[in-house]
Amino acid sequence: MPTLPKSSLAYAKEQDQKDKLAHYRDRFHIPKDEHGNNWIYFCGNSLGLQPQHTQEYILQELKDWANLGVEGHFEAKNPWMPYHEFLTDAMANIVGAKPLEVVIMNTLTTNLHLLMVSFYQPTQTKYKIVIESDAFPSDRYAVESQLSFHGFDPKEGIIEWSPREGEELLRLEDLETILDQQGDEIALLLIGGLNYYTGQYLDLKKITTLGHAKNCMVGIDLAHGVGNIIPNLHESGVDFAAWCTYKYLNSGPGSLGGLFVHEKHAYDKTLKRFSGWWSHNKDTRFNMRQEFDLMPGAEGYQLSNPPILSMAAIKASLDIFEEVGMQNLREKSISLTGYFEFLINEIDTDRIRIITPSNPLERGCQLSIQVKNADKSLHQQLTNNHIITDWREPDVIRCAPTPLYNSYEDVYKMTETLKTLL
Ligand SMILES: *Cc1c(COP(=O)(O)O)cnc(C)c1O
């Protein structure tokens, strides 16, 4: 059989036919235009699409609340008291952690603060925090406010790990230089494991080794990594990590986040932290005793009884991830994004350029397309064509074909439109 040219619709369709995960697309609500055609949704990096069965999961909890009231804590089909435990194993599998190390609670920035209460313990001489120069703003604000809280000047206290002049991506050897020169003054590295802007996936294990060699704590923001790459958090040795679940984990706007605390800290009762009744030993929580009995592991970071409706939406999504498996998703992702990259590079233009690493092991599904002269109208034109991407200042269109619900045909149609627009 003659092989189809890669830059043809027929080839894209053939890839979809061969794709063993293609049917998962039918398990999601895909927004449609006024003619009933599916949007091309490349924005799972910002807000993942809704699984079809999420409604059913949430309705179950509404029904149990209606029929059982407070008894639902123990009598609901999925009892609310231990509800977060129903999410732990799947969550741990996705980030490569032990169940002891993971919990779903609060939201991302809140969790970063709670974790820094434990893992940012500055002294007068060792107090600085390393972040990426293009760290996500919320992470930067969190770090600045932690520095101020401890009485330091944020301008003095933040060390930026920057790309070199004329480059977009970070180099590990530059982090090494920072640590060699200033390691004695650095208390914490807080790094986006997969940079939200460039899509660069950093080597977590190497970062951790470099940080630990200078007695720094190492924390990772996995907002763009979770459900996208396979971070092997336990094995990497990072001290802590936090993420949200509304991006690649499709749990709905503003849904709860997750956090990881490495097993080596699980039983350390000397770590400073902020506590609440949900950090207390489950067996005696309702004795309402005065003496606090801290739960080991990540669960000990919980403060409050959690919002079950949001957890139901997370469970709906994690059940799909359990079924499909991260390894399978990652394999498709590498192929799908590789195809996307190929088609973009075929376009004969100097108006756009991919800044994401070309090595699949150094990126997830997202490609960041830098637009010449920061011409934002290109993004608007894509949106007008129902191709949903997002614009990030100063000059990047982020496009994330997600392996769960995007097809090769989506990728083909997107790049055809892009070609026409250019
Ligand atoms: C999406 C994202 C956030 C968002 O924080 P919330 O507290 O969930 O609003 C923070 N940091 C990074 C790196 C992100 O990608």
# chains A, B, ... in the order shown; residues from 1 in each chain; ligands from 1
>>> select_by_dssp(residues="stretch 210-359 of chain A", states="alpha helix (DSSP H)", output="NGL selection string")
:A and (210-213 or 233-236 or 308-324 or 326-346)
>>> residues_near_ligand(ligand="ligand 1", cutoff="6 Å", atoms="only C-alpha atoms and all ligand atoms", output="PyMOL selection string")
chain A and resi 107-109+136+138-139+192+196+221+223-224+244
>>> atom_distance(atom1="atom CA of A:Ile352", atom2="atom CA of A:Val371")
4.7 Å
>>> residues_around(residues="stretch 390-398 of chain A", least_positions_apart="6", cutoff="10 Å", atoms="only C-alpha atoms", output="MDAnalysis selection string")
chainID A and resid 42:43 45:46 196:199 352:356 366:380 382:383
>>> closest_residue(among="A:Asn215, A:Thr389, A:Asn328, A:Ser236", to="A:Leu21", atoms="only C-alpha atoms")
A:Asn328
>>> closest_residue(among="A:Ala90, A:Ala66, A:Met295, A:Ile344", to="A:Ser275", atoms="only C-alpha atoms")
A:Met295
>>> residues_around(residues="stretch 5-16 of chain A", least_positions_apart="3", cutoff="6 Å", atoms="only C-alpha atoms", output="PyMOL selection string")
chain A and resi 19+408-409
>>> closest_residue(among="A:Asn250, A:Lys272, A:Met91, A:Gly211", to="A:Val117", atoms="only C-alpha atoms")
A:Lys272
>>> closest_atom_pairs(of="stretch 219-319 of chain A", to="stretch 329-332 of chain A", cutoff="8 Å", atoms="only C-alpha atoms", output="CSV")
residue,atom,partner,partner_atom,distance
A:Asn228,CA,A:Arg330,CA,7.0
A:Ile229,CA,A:Arg330,CA,6.4
A:Ile230,CA,A:Arg330,CA,7.6
>>> residues_around(residues="stretch 285-293 of chain A", least_positions_apart="6", cutoff="10 Å", atoms="only C-alpha atoms", output="number ranges by chain")
A: 269, 275-279, 300
>>> write_last_selection(atoms="N, CA, C and O atoms", output="CSV table (one decimal), in the first residue's frame")
chain,number,residue,atom,x,y,z
A,269,LYS,N,7.5,15.3,62.9
A,269,LYS,CA,6.6,16.2,63.7
A,269,LYS,C,7.2,17.5,64.1
A,269,LYS,O,6.6,18.4,64.6
A,275,SER,N,-2.1,24.0,61.1
A,275,SER,CA,-3.0,22.8,61.2
A,275,SER,C,-4.5,23.2,61.4
A,275,SER,O,-4.8,24.3,61.8
A,276,GLY,N,-5.3,22.2,61.2
A,276,GLY,CA,-6.7,22.3,61.5
A,276,GLY,C,-7.2,20.9,61.9
A,276,GLY,O,-6.5,20.0,62.0
A,277,TRP,N,-8.6,20.8,62.1
A,277,TRP,CA,-9.1,19.5,62.6
A,277,TRP,C,-8.9,18.4,61.6
A,277,TRP,O,-8.8,17.2,61.9
A,278,TRP,N,-8.8,18.8,60.3
A,278,TRP,CA,-8.6,17.7,59.3
A,278,TRP,C,-7.1,17.3,59.2
A,278,TRP,O,-6.8,16.3,58.5
A,279,SER,N,-6.2,17.9,60.0
A,279,SER,CA,-4.8,17.4,60.0
A,279,SER,C,-4.7,16.4,61.1
A,279,SER,O,-3.7,15.8,61.3
A,300,GLY,N,-1.7,15.1,56.6
A,300,GLY,CA,-1.6,16.0,57.8
A,300,GLY,C,-1.6,17.4,57.4
A,300,GLY,O,-1.5,18.3,58.3
>>> residues_around(residues="A:Met217", least_positions_apart="3", cutoff="7 Å", atoms="only C-alpha atoms", output="MDAnalysis selection string")
chainID A and resid 119 187:189 211:212 239
>>> residues_around(residues="A:Leu361", least_positions_apart="6", cutoff="10 Å", atoms="only C-alpha atoms", output="ChimeraX atom specification")
/A:200-203,229,334
>>> atom_distance(atom1="atom CA of A:Asp153", atom2="atom CA of A:Gly193")
25.8 Å
>>> atom_distance(atom1="atom CA of A:Gly254", atom2="atom CA of A:Leu47")
9.3 Å
>>> closest_residue(among="A:Val226, A:Ile308, A:Leu112, A:Leu62", to="A:Asn93", atoms="only C-alpha atoms")
A:Val226
